[in-house]
>>> print(open('structure-v5.tsv').read())   # TSV, C-alpha atoms
chain	number	residue	atom	x	y	z
A	14	MET	CA	0.00	0.00	0.00
A	15	GLU	CA	2.85	2.42	0.74
A	16	ASN	CA	3.88	2.88	-2.85
A	17	SER	CA	3.50	5.52	-5.48
A	18	SER	CA	-0.14	4.55	-5.97
A	19	ALA	CA	-0.88	5.04	-2.28
A	20	GLU	CA	0.81	8.44	-2.40
A	21	ARG	CA	-1.40	9.46	-5.31
A	22	LYS	CA	-4.48	8.30	-3.43
A	23	GLN	CA	-3.35	10.35	-0.47
A	24	GLN	CA	-2.86	13.37	-2.73
A	25	LEU	CA	-6.40	12.88	-3.99
A	26	ALA	CA	-7.64	13.03	-0.38
A	27	LEU	CA	-5.61	16.21	0.17
A	28	ASP	CA	-7.09	17.75	-2.97
A	29	ILE	CA	-10.55	17.06	-1.62
A	30	ALA	CA	-9.68	18.54	1.75
A	31	ASP	CA	-8.52	21.66	-0.09
A	32	GLY	CA	-11.88	21.90	-1.81
A	33	ASN	CA	-10.97	20.52	-5.23
A	34	ASP	CA	-13.90	18.38	-6.34
A	35	PRO	CA	-12.85	15.39	-8.47
A	36	SER	CA	-16.46	14.99	-9.58
A	37	ASP	CA	-15.68	17.86	-11.97
A	38	ALA	CA	-14.06	15.15	-14.07
A	39	ALA	CA	-17.53	14.28	-15.29
A	40	LYS	CA	-17.63	17.69	-16.92
A	41	ASN	CA	-13.94	17.99	-17.69
A	42	PRO	CA	-12.37	15.42	-20.03
A	43	ASP	CA	-8.91	16.24	-18.70
A	44	GLY	CA	-10.05	15.60	-15.14
A	45	ARG	CA	-11.67	12.32	-16.15
A	46	THR	CA	-8.48	11.27	-17.87
A	47	LYS	CA	-6.52	12.15	-14.75
A	48	LEU	CA	-8.74	9.99	-12.54
A	49	GLN	CA	-8.58	7.11	-15.00
A	50	GLY	CA	-4.82	7.39	-14.98
A	51	LEU	CA	-4.81	7.38	-11.18
A	52	PHE	CA	-6.82	4.15	-11.12
A	53	LYS	CA	-4.49	2.50	-13.61
A	54	GLN	CA	-1.48	3.43	-11.50
A	55	LEU	CA	-2.83	1.65	-8.42
A	56	SER	CA	-1.10	-1.62	-7.61
A	57	LEU	CA	-2.88	-4.77	-8.74
A	58	LEU	CA	-3.41	-5.71	-5.09
A	59	ASP	CA	-5.00	-2.35	-4.21
A	60	ARG	CA	-7.06	-2.01	-7.37
A	61	TYR	CA	-8.89	-5.32	-7.04
A	62	LEU	CA	-8.72	-5.91	-3.30
A	63	TYR	CA	-12.41	-6.78	-3.04
A	64	VAL	CA	-11.95	-9.41	-5.78
A	65	TRP	CA	-9.00	-11.01	-4.01
A	66	ILE	CA	-10.85	-11.13	-0.68
A	67	PHE	CA	-13.90	-12.88	-2.15
A	68	ILE	CA	-11.69	-15.30	-4.09
A	69	VAL	CA	-9.66	-16.14	-0.98
A	70	MET	CA	-12.82	-16.62	1.10
A	71	ALA	CA	-14.32	-19.01	-1.47
A	72	VAL	CA	-11.09	-20.94	-2.05
A	73	SER	CA	-10.38	-21.27	1.68
A	74	ILE	CA	-13.83	-22.71	2.43
A	75	ILE	CA	-13.55	-25.19	-0.46
A	76	PHE	CA	-9.98	-26.07	0.54
A	77	GLY	CA	-10.81	-26.53	4.20
A	78	TYR	CA	-13.92	-28.59	3.47
A	79	TYR	CA	-12.47	-31.05	0.95
A	80	VAL	CA	-8.82	-31.37	1.99
A	81	LYS	CA	-8.44	-33.65	4.98
A	82	GLY	CA	-6.41	-32.60	8.00
A	83	VAL	CA	-6.43	-28.86	7.22
A	84	LYS	CA	-8.00	-27.85	10.54
A	85	LYS	CA	-5.61	-30.04	12.53
A	86	ALA	CA	-2.59	-28.74	10.61
A	87	PHE	CA	-3.49	-25.09	11.15
A	88	GLN	CA	-4.28	-25.67	14.82
A	89	VAL	CA	-1.08	-27.56	15.57
A	90	ALA	CA	-0.14	-24.67	17.88
A	91	GLU	CA	-2.36	-22.10	19.55
A	92	ILE	CA	-1.98	-18.85	21.46
A	93	THR	CA	-4.82	-18.03	23.89
A	94	SER	CA	-7.12	-20.43	22.00
A	95	VAL	CA	-6.31	-18.79	18.65
A	96	SER	CA	-4.42	-20.69	15.95
A	97	LEU	CA	-0.74	-19.69	15.72
A	98	PRO	CA	-0.95	-19.28	11.92
A	99	ILE	CA	-3.84	-16.81	12.44
A	100	ALA	CA	-1.79	-14.96	15.06
A	101	ILE	CA	1.14	-14.72	12.63
A	102	GLY	CA	-1.19	-13.39	9.94
A	103	LEU	CA	-2.53	-10.74	12.30
A	104	TRP	CA	1.00	-9.65	13.23
A	105	VAL	CA	2.05	-9.41	9.57
A	106	MET	CA	-1.17	-7.53	8.77
A	107	MET	CA	-0.80	-4.97	11.56
A	108	TYR	CA	2.96	-4.40	11.55
A	109	PRO	CA	3.19	-2.16	8.42
A	110	VAL	CA	0.26	-0.03	9.59
A	111	LEU	CA	1.78	0.44	13.05
A	112	CYS	CA	5.11	1.35	11.48
A	113	LYS	CA	3.33	4.29	9.78
A	114	VAL	CA	1.95	5.83	12.97
A	115	GLN	CA	3.82	9.01	13.95
A	116	TYR	CA	4.23	8.16	17.62
A	117	GLU	CA	6.35	11.25	18.14
A	118	MET	CA	3.30	13.34	17.22
A	119	LEU	CA	0.70	11.64	19.44
A	120	GLY	CA	1.19	14.04	22.35
A	121	GLY	CA	0.44	16.98	20.08
A	122	VAL	CA	-2.58	15.19	18.61
A	123	LEU	CA	-4.02	14.66	22.09
A	124	ARG	CA	-3.57	18.34	22.91
A	125	GLN	CA	-5.45	19.47	19.82
A	126	ALA	CA	-8.79	21.19	20.28
A	127	GLY	CA	-11.63	18.70	20.03
A	128	SER	CA	-9.57	15.63	20.90
A	129	LEU	CA	-11.53	15.05	24.12
A	130	LYS	CA	-14.80	15.17	22.16
A	131	THR	CA	-13.47	12.68	19.61
A	132	ILE	CA	-12.27	10.26	22.27
A	133	SER	CA	-15.46	10.58	24.34
A	134	LEU	CA	-17.64	9.91	21.29
A	135	SER	CA	-15.58	6.82	20.48
A	136	ILE	CA	-15.95	5.45	24.02
A	137	VAL	CA	-19.73	5.95	23.96
A	138	LEU	CA	-20.12	4.31	20.54
A	139	ASN	CA	-17.83	1.39	21.41
A	140	TRP	CA	-18.77	0.55	24.97
A	141	ILE	CA	-22.37	1.72	25.37
A	142	VAL	CA	-24.04	1.77	21.95
A	143	GLY	CA	-22.23	-1.17	20.30
A	144	PRO	CA	-22.82	-3.94	22.89
A	145	ALA	CA	-26.40	-2.80	23.58
A	146	LEU	CA	-27.24	-2.66	19.86
A	147	MET	CA	-25.79	-6.12	19.16
A	148	THR	CA	-27.62	-7.65	22.13
A	149	GLY	CA	-30.92	-6.14	21.00
A	150	LEU	CA	-30.47	-7.30	17.41
A	151	ALA	CA	-29.41	-10.79	18.51
A	152	TRP	CA	-32.54	-11.19	20.63
A	153	ALA	CA	-34.77	-9.76	17.89
A	154	THR	CA	-33.47	-12.06	15.13
A	155	LEU	CA	-32.32	-15.19	17.01
A	156	PRO	CA	-34.91	-15.71	19.78
A	157	ASP	CA	-34.95	-19.51	19.24
A	158	LEU	CA	-31.15	-19.98	18.92
A	159	PRO	CA	-29.74	-19.09	22.36
A	160	ASP	CA	-26.25	-20.53	21.76
A	161	PHE	CA	-25.80	-18.71	18.44
A	162	ARG	CA	-27.23	-15.60	20.08
A	163	THR	CA	-24.55	-15.80	22.79
A	164	GLY	CA	-21.79	-15.98	20.17
A	165	VAL	CA	-23.21	-12.99	18.31
A	166	ILE	CA	-23.39	-10.95	21.52
A	167	LEU	CA	-19.74	-11.80	22.24
A	168	VAL	CA	-18.80	-10.36	18.83
A	169	GLY	CA	-20.56	-7.10	19.71
A	170	ILE	CA	-18.84	-6.85	23.09
A	171	ALA	CA	-15.28	-7.44	21.82
A	172	ARG	CA	-14.19	-4.05	20.45
A	173	CYS	CA	-11.72	-3.96	17.59
A	174	ILE	CA	-7.99	-3.43	18.14
A	175	ALA	CA	-6.59	-4.95	14.94
A	176	MET	CA	-8.56	-4.97	11.69
A	177	VAL	CA	-9.70	-1.37	12.21
A	178	LEU	CA	-6.13	-0.29	11.47
A	179	ILE	CA	-6.44	-1.85	8.02
A	180	TRP	CA	-9.89	-0.42	7.23
A	181	ASN	CA	-8.83	3.00	8.46
A	182	ASP	CA	-5.68	2.88	6.34
A	183	LEU	CA	-7.55	1.80	3.20
A	184	ALA	CA	-10.16	4.55	3.65
A	185	LYS	CA	-7.51	7.22	4.33
A	186	GLY	CA	-8.58	7.87	7.90
A	187	ASP	CA	-6.42	9.60	10.51
A	188	ALA	CA	-3.73	7.05	11.39
A	189	ASP	CA	-2.59	8.88	14.53
A	190	TYR	CA	-6.08	9.17	16.01
A	191	CYS	CA	-6.77	5.57	15.05
A	192	ALA	CA	-3.70	4.49	17.04
A	193	ILE	CA	-4.93	6.50	20.03
A	194	LEU	CA	-8.45	5.07	19.88
A	195	VAL	CA	-7.09	1.53	19.48
A	196	ALA	CA	-4.85	2.05	22.53
A	197	ILE	CA	-7.81	3.34	24.58
A	198	ASN	CA	-10.00	0.43	23.47
A	199	SER	CA	-7.24	-2.00	24.39
A	200	ILE	CA	-7.06	-0.67	27.94
A	201	LEU	CA	-10.84	-0.51	28.31
A	202	GLN	CA	-11.13	-4.02	26.90
A	203	ILE	CA	-9.03	-5.41	29.73
A	204	ILE	CA	-11.12	-3.53	32.30
A	205	LEU	CA	-14.63	-3.72	30.82
A	206	LEU	CA	-15.00	-6.86	28.70
A	207	THR	CA	-15.71	-9.23	31.58
A	208	PRO	CA	-18.27	-7.05	33.42
A	209	VAL	CA	-19.96	-5.98	30.14
A	210	ALA	CA	-20.13	-9.61	28.99
A	211	LEU	CA	-21.58	-10.69	32.33
A	212	LEU	CA	-24.16	-7.90	32.11
A	213	TYR	CA	-25.43	-8.81	28.65
A	214	LEU	CA	-24.97	-12.59	28.77
A	215	LYS	CA	-25.98	-13.38	32.34
A	216	VAL	CA	-28.13	-10.49	33.57
A	217	VAL	CA	-29.89	-9.36	30.38
A	218	SER	CA	-29.91	-12.69	28.54
A	219	ARG	CA	-30.01	-14.89	31.66
A	220	GLY	CA	-27.47	-17.20	30.14
A	221	LYS	CA	-25.32	-19.83	31.80
A	222	GLY	CA	-21.87	-21.26	31.34
A	223	PHE	CA	-20.01	-18.05	30.56
A	224	HIS	CA	-16.74	-17.54	32.36
A	225	VAL	CA	-13.72	-15.49	31.36
A	226	SER	CA	-11.01	-13.80	33.39
A	227	SER	CA	-9.53	-10.37	32.86
A	228	TRP	CA	-6.18	-12.08	32.32
A	229	THR	CA	-7.60	-13.96	29.32
A	230	VAL	CA	-8.57	-10.64	27.77
A	231	ALA	CA	-5.26	-9.03	28.74
A	232	LYS	CA	-3.29	-11.85	27.09
A	233	SER	CA	-5.24	-11.40	23.86
A	234	VAL	CA	-4.60	-7.64	23.82
A	235	LEU	CA	-0.90	-8.04	24.63
A	236	LEU	CA	-0.36	-10.70	21.97
A	237	PHE	CA	-2.47	-9.38	19.10
A	238	LEU	CA	-1.82	-5.68	19.63
A	239	GLY	CA	1.18	-5.46	21.96
A	240	VAL	CA	3.58	-7.54	19.84
A	241	PRO	CA	3.12	-5.66	16.53
A	242	LEU	CA	2.83	-2.33	18.38
A	243	VAL	CA	6.19	-2.76	20.11
A	244	ALA	CA	7.70	-3.94	16.83
A	245	GLY	CA	6.30	-0.90	15.01
A	246	VAL	CA	7.53	1.59	17.63
A	247	LEU	CA	11.03	0.07	17.77
A	248	THR	CA	11.26	-0.16	13.98
A	249	ARG	CA	10.31	3.49	13.53
A	250	LEU	CA	12.63	4.67	16.32
A	251	ILE	CA	15.67	2.67	15.22
A	252	LEU	CA	15.42	3.07	11.45
A	253	MET	CA	14.54	6.77	11.48
A	254	ASN	CA	17.49	7.50	13.77
A	255	ALA	CA	19.80	5.36	11.64
A	256	PHE	CA	18.73	6.37	8.11
A	257	GLY	CA	16.56	9.47	8.49
A	258	ARG	CA	12.87	10.21	7.98
A	259	LYS	CA	13.09	10.60	4.20
A	260	TRP	CA	14.59	7.13	3.65
A	261	TYR	CA	12.19	5.58	6.18
A	262	GLU	CA	9.06	7.01	4.58
A	263	SER	CA	10.08	6.77	0.92
A	264	LYS	CA	11.92	3.42	0.99
A	265	PHE	CA	11.11	1.30	4.03
A	266	LEU	CA	7.38	2.05	4.33
A	267	ARG	CA	6.98	1.56	0.59
A	268	PHE	CA	8.72	-1.83	0.88
A	269	ILE	CA	6.65	-3.19	3.79
A	270	GLY	CA	3.35	-1.55	2.72
A	271	PRO	CA	1.99	-4.52	0.70
A	272	TRP	CA	2.56	-6.85	3.67
A	273	ALA	CA	-0.58	-5.51	5.36
A	274	LEU	CA	-2.94	-6.67	2.61
A	275	ILE	CA	-1.00	-9.88	2.06
A	276	GLY	CA	-1.33	-10.56	5.79
A	277	LEU	CA	-5.06	-9.81	5.58
A	278	LEU	CA	-5.59	-12.27	2.72
A	279	TYR	CA	-3.48	-14.92	4.46
A	280	THR	CA	-5.43	-14.49	7.73
A	281	ILE	CA	-8.74	-14.85	5.90
A	282	PHE	CA	-7.50	-18.01	4.17
A	283	VAL	CA	-6.37	-19.69	7.40
A	284	MET	CA	-9.43	-18.63	9.40
A	285	PHE	CA	-12.03	-19.82	6.90
A	286	SER	CA	-10.09	-23.01	6.09
A	287	ILE	CA	-10.22	-23.97	9.77
A	288	GLN	CA	-13.96	-23.30	10.05
A	289	ALA	CA	-14.95	-24.61	6.60
A	290	HIS	CA	-16.85	-27.68	7.87
A	291	GLN	CA	-18.65	-25.67	10.53
A	292	ILE	CA	-19.71	-23.07	7.97
A	293	VAL	CA	-20.87	-25.53	5.28
A	294	ASP	CA	-22.54	-28.01	7.65
A	295	ASN	CA	-24.48	-25.24	9.39
A	296	ILE	CA	-25.16	-23.03	6.39
A	297	GLY	CA	-28.78	-22.40	7.39
A	298	HIS	CA	-27.80	-21.11	10.81
A	299	VAL	CA	-24.91	-19.19	9.27
A	300	VAL	CA	-27.38	-17.31	7.07
A	301	ARG	CA	-29.59	-16.53	10.07
A	302	VAL	CA	-26.65	-15.37	12.18
A	303	ALA	CA	-25.61	-13.09	9.31
A	304	VAL	CA	-28.82	-11.07	9.71
A	305	PRO	CA	-28.09	-9.40	13.08
A	306	LEU	CA	-24.45	-8.94	12.06
A	307	LEU	CA	-25.37	-7.17	8.82
A	308	LEU	CA	-27.84	-4.95	10.63
A	309	TYR	CA	-25.29	-4.19	13.35
A	310	PHE	CA	-22.48	-3.19	11.00
A	311	GLY	CA	-24.80	-1.08	8.86
A	312	ILE	CA	-26.59	0.71	11.70
A	313	LEU	CA	-23.44	1.42	13.71
A	314	PHE	CA	-21.33	2.53	10.75
A	315	PHE	CA	-23.86	4.81	9.09
A	316	GLY	CA	-25.21	5.98	12.45
A	317	SER	CA	-21.66	7.02	13.40
A	318	LEU	CA	-21.28	8.62	9.98
A	319	GLY	CA	-24.44	10.66	10.53
A	320	ILE	CA	-23.35	11.79	13.99
A	321	CYS	CA	-19.91	12.81	12.71
A	322	ARG	CA	-21.41	14.78	9.80
A	323	TRP	CA	-23.82	16.49	12.20
A	324	LEU	CA	-20.85	17.43	14.40
A	325	LYS	CA	-18.94	18.55	11.26
A	326	VAL	CA	-16.05	16.18	11.95
A	327	PRO	CA	-13.33	16.35	9.22
A	328	TYR	CA	-13.24	13.44	6.78
A	329	PRO	CA	-10.12	11.64	8.15
A	330	LEU	CA	-11.43	11.74	11.74
A	331	MET	CA	-14.92	10.76	10.60
A	332	VAL	CA	-13.58	7.68	8.83
A	333	THR	CA	-11.54	6.70	11.89
A	334	GLN	CA	-14.53	7.14	14.19
A	335	CYS	CA	-16.89	5.12	11.99
A	336	PHE	CA	-14.57	2.17	11.43
A	337	THR	CA	-13.51	2.08	15.08
A	338	ALA	CA	-17.17	1.93	16.13
A	339	ALA	CA	-18.27	-0.67	13.57
A	340	SER	CA	-15.26	-3.04	13.76
A	341	ASN	CA	-15.00	-5.89	16.23
A	342	ASN	CA	-12.24	-7.97	17.76
A	343	PHE	CA	-13.18	-11.34	16.27
A	344	GLU	CA	-9.94	-12.93	17.51
A	345	LEU	CA	-10.90	-12.16	21.11
A	346	ALA	CA	-14.56	-13.10	20.59
A	347	ILE	CA	-13.52	-16.48	19.19
A	348	ALA	CA	-10.95	-17.00	21.96
A	349	VAL	CA	-13.50	-16.21	24.70
A	350	ALA	CA	-16.17	-18.41	23.07
A	351	VAL	CA	-13.73	-21.31	22.73
A	352	GLY	CA	-12.43	-20.89	26.27
A	353	SER	CA	-15.92	-20.66	27.77
A	354	PHE	CA	-17.93	-23.11	25.66
A	355	GLY	CA	-15.44	-25.29	23.71
A	356	ILE	CA	-13.86	-25.20	20.27
A	357	ASP	CA	-16.72	-27.08	18.55
A	358	SER	CA	-19.50	-25.18	20.33
A	359	THR	CA	-22.20	-23.29	18.45
A	360	GLN	CA	-21.16	-20.18	20.39
A	361	ALA	CA	-17.67	-20.46	18.85
A	362	LEU	CA	-19.20	-21.03	15.40
A	363	ALA	CA	-21.32	-17.88	15.76
A	364	ALA	CA	-18.24	-15.90	16.77
A	365	THR	CA	-16.45	-17.27	13.69
A	366	ILE	CA	-19.27	-16.10	11.44
A	367	GLY	CA	-18.48	-12.57	12.66
A	368	PRO	CA	-15.42	-12.05	10.41
A	369	LEU	CA	-17.16	-13.94	7.58
A	370	ILE	CA	-19.64	-11.04	7.48
A	371	GLU	CA	-17.42	-8.23	8.81
A	372	VAL	CA	-14.60	-8.51	6.28
A	373	PRO	CA	-16.62	-8.06	3.05
A	374	VAL	CA	-19.09	-5.60	4.64
A	375	LEU	CA	-16.44	-3.25	6.03
A	376	LEU	CA	-14.49	-3.53	2.79
A	377	LEU	CA	-17.68	-2.37	1.04
A	378	PHE	CA	-17.87	0.55	3.49
A	379	VAL	CA	-14.29	1.48	2.52
A	380	TYR	CA	-15.40	1.80	-1.10
A	381	ILE	CA	-18.58	3.64	-0.14
A	382	VAL	CA	-16.83	6.37	1.87
A	383	GLY	CA	-14.17	6.60	-0.82
A	384	PHE	CA	-16.85	7.09	-3.48
A	385	PHE	CA	-18.64	9.82	-1.53
A	386	GLN	CA	-15.34	11.43	-0.62
A	387	ARG	CA	-14.59	11.82	-4.33
A	388	LYS	CA	-18.00	13.51	-4.76
A	389	GLY	CA	-16.85	16.51	-2.81
A	390	PRO	CA	-15.57	17.85	0.50
A	391	SER	CA	-19.02	18.18	2.03
A	392	VAL	CA	-19.22	14.43	2.34
>>> encode(input="structure-v5.tsv", output="structure tokens")
Amino acid sequence: MENSSAERKQQLALDIADGNDPSDAAKNPDGRTKLQGLFKQLSLLDRYLYVWIFIVMAVSIIFGYYVKGVKKAFQVAEITSVSLPIAIGLWVMMYPVLCKVQYEMLGGVLRQAGSLKTISLSIVLNWIVGPALMTGLAWATLPDLPDFRTGVILVGIARCIAMVLIWNDLAKGDADYCAILVAINSILQIILLTPVALLYLKVVSRGKGFHVSSWTVAKSVLLFLGVPLVAGVLTRLILMNAFGRKWYESKFLRFIGPWALIGLLYTIFVMFSIQAHQIVDNIGHVVRVAVPLLLYFGILFFGSLGICRWLKVPYPLMVTQCFTAASNNFELAIAVAVGSFGIDSTQALAATIGPLIEVPVLLLFVYIVGFFQRKGPSV
């Protein structure tokens, strides 16, 4: 992603922020030619990302269903109930994005006017609106499937600390604010996940069998965010001091940029290969579970978008806020479901369906906000 094509996409975003409307291309042949040239200069991976994701999802399900021993091979080693190959994919996916964050600027970002409002809005959307909305939708659409309902609620409670970095990067959101919101969600996740889960699963839903410790959550955060975060901070600190900012941003970031999307595709392949039999054998329930998830992602994303537009939040911050609110930590949801109910439980299957729906839906949202962004600065 950090290549000349990404730089041109970033320049397009800057043009929009400056009030230059690319939609004028419809009336200006030169402008249309310029946009067509921009598209052609995107990398093959960037240009057809949605195609690659759907191909990988389909191939992985077919591969996992018909090739014997795939699940056992991928689960030969696990970290906090999550397959080691998936963990490696998440690290590879997140590392380039975390290398881009300007950690040296975060203090200044936090001191900017309006930062408290941005952070407060994110906390409300993530820890009050999100879990309550998912619980309500799960009960409304899955009243006769309590185990699947529990897995869906777990997806809504586990706030995103990984994939949101990718969606935010693809949609040209504010990388620095995204890093701050991810850090805040990580801390709150350790503190709040257990009591929030107990509230919605035991008190509201009157469920049984749920048990998870704060240490389980802390381990997930440390492994899936802490490892690539430390690697990103150290990489930026060491290489910028050794070779300078210009070399780091023009050479190193451009070199590791494609790793993020490659890691994303690899993670999708491993994840859906492991769960292929569960998905195919329970396709009817998978379709039903998709309903509350689709409603959740749509309502939370576009609801956040409407709030941000009403508050006149700038485009990069708006994108960051929307994707942070609508994304979920499926790794943690799966780990908690497996640890509480077992690896072959319907609760774990429901948690696995989360990324099956989230990945293509949020990718669609990336294209939607990009399309409206190109329509003009008012969007």
>>> atom_distance(input="structure-v5.tsv", atom1="CA of Lys185 in chain A", atom2="CA of Val168 in chain A")
25.4 Å
>>> atom_distance(input="structure-v5.tsv", atom1="CA of Cys112 in chain A", atom2="CA of Glu262 in chain A")
9.8 Å
>>> closest_residue(input="structure-v5.tsv", among="A:Ile381, A:Asn341, A:Ile197, A:Leu214", to="Gly164 in chain A", atoms="all atoms listed in the file")
A:Leu214
>>> closest_residue(input="structure-v5.tsv", among="A:Phe67, A:Ala210, A:Arg258, A:Gly186", to="Arg172 in chain A", atoms="only C-alpha atoms")
A:Ala210
>>> residues_around(input="structure-v5.tsv", residues="Val137 in chain A", least_positions_apart="5", cutoff="12 Å", atoms="all atoms listed in the file", output="ChimeraX atom specification")
/A:130-132,142-145,172,198,201,313,317,334,337-338
>>> closest_residue(input="structure-v5.tsv", among="A:Leu167, A:Val374, A:Met70, A:Val326", to="Phe310 in chain A", atoms="all atoms listed in the file")
A:Val374
>>> residues_near_point(input="structure-v5.tsv", point="(-0.1, 4.4, 20.9)", cutoff="8 Å", atoms="only C-alpha atoms", output="ChimeraX atom specification")
/A:116,119,192-193,195-196,242
>>> atom_distance(input="structure-v5.tsv", atom1="CA of Val89 in chain A", atom2="CA of Ile101 in chain A")
13.4 Å
>>> axis_aligned_box(input="structure-v5.tsv", around="range 367-386 of chain A", padding_each_side="6 Å", output="AutoDock Vina command-line options")
--center_x -16.9 --center_y -1.3 --center_z 4.6 --size_x 17.5 --size_y 37.4 --size_z 28.1
>>> closest_residue(input="structure-v5.tsv", among="A:Leu155, A:Met147, A:Ala71, A:Leu212", to="Ile292 in chain A", atoms="all atoms listed in the file")
A:Ala71
>>> closest_residue(input="structure-v5.tsv", among="A:Tyr79, A:Phe268, A:Phe256, A:Phe343", to="Gly169 in chain A", atoms="all atoms listed in the file")
A:Phe343
>>> closest_residue(input="structure-v5.tsv", among="A:Val64, A:Thr280, A:Asp157, A:Leu194", to="Met107 in chain A", atoms="only C-alpha atoms")
A:Thr280
>>> residues_near_point(input="structure-v5.tsv", point="(-16.8, -12.5, 10.2)", cutoff="12 Å", atoms="all atoms listed in the file", output="JSON, numbers by chain")
{"A": [70, 164, 165, 168, 169, 176, 280, 281, 284, 285, 288, 292, 299, 302, 303, 306, 307, 310, 340, 341, 342, 343, 344, 346, 347, 361, 362, 363, 364, 365, 366, 367, 368, 369, 370, 371, 372, 373, 374, 375, 376]}
>>> residues_around(input="structure-v5.tsv", residues="range 270-277 of chain A", least_positions_apart="3", cutoff="7 Å", atoms="only C-alpha atoms", output="VMD selection string")
chain A and resid 14 to 15 102 to 103 105 to 107 109 to 110 266 to 267 280 to 281
>>> build_atoms(input="structure-v5.tsv", residues="range 203-214 of chain A", atoms="N, CA and C atoms", output="JSON list (two decimals), keeping the file's coordinate frame")
[["chain", "number", "residue", "atom", "x", "y", "z"],
["A", 203, "ILE", "N", -9.52, -4.65, 28.59],
["A", 203, "ILE", "CA", -9.03, -5.41, 29.73],
["A", 203, "ILE", "C", -9.91, -5.16, 30.95],
["A", 204, "ILE", "N", -10.35, -3.91, 31.11],
["A", 204, "ILE", "CA", -11.12, -3.53, 32.30],
["A", 204, "ILE", "C", -12.60, -3.90, 32.16],
["A", 205, "LEU", "N", -13.18, -3.67, 30.97],
["A", 205, "LEU", "CA", -14.63, -3.72, 30.82],
["A", 205, "LEU", "C", -15.20, -4.98, 30.19],
["A", 206, "LEU", "N", -14.40, -5.75, 29.44],
["A", 206, "LEU", "CA", -15.00, -6.86, 28.70],
["A", 206, "LEU", "C", -15.72, -7.84, 29.61],
["A", 207, "THR", "N", -15.08, -8.25, 30.69],
["A", 207, "THR", "CA", -15.71, -9.23, 31.58],
["A", 207, "THR", "C", -17.00, -8.70, 32.21],
["A", 208, "PRO", "N", -17.01, -7.52, 32.84],
["A", 208, "PRO", "CA", -18.27, -7.05, 33.42],
["A", 208, "PRO", "C", -19.35, -6.76, 32.37],
["A", 209, "VAL", "N", -18.97, -6.24, 31.19],
["A", 209, "VAL", "CA", -19.96, -5.98, 30.14],
["A", 209, "VAL", "C", -20.53, -7.29, 29.62],
["A", 210, "ALA", "N", -19.66, -8.30, 29.44],
["A", 210, "ALA", "CA", -20.13, -9.61, 28.99],
["A", 210, "ALA", "C", -21.06, -10.24, 30.01],
["A", 211, "LEU", "N", -20.72, -10.15, 31.29],
["A", 211, "LEU", "CA", -21.58, -10.69, 32.33],
["A", 211, "LEU", "C", -22.93, -9.97, 32.35],
["A", 212, "LEU", "N", -22.92, -8.66, 32.13],
["A", 212, "LEU", "CA", -24.16, -7.90, 32.11],
["A", 212, "LEU", "C", -25.09, -8.38, 31.01],
["A", 213, "TYR", "N", -24.57, -8.49, 29.78],
["A", 213, "TYR", "CA", -25.43, -8.81, 28.65],
["A", 213, "TYR", "C", -25.70, -10.31, 28.49],
["A", 214, "LEU", "N", -24.78, -11.16, 28.93],
["A", 214, "LEU", "CA", -24.97, -12.59, 28.77],
["A", 214, "LEU", "C", -25.66, -13.25, 29.96]]
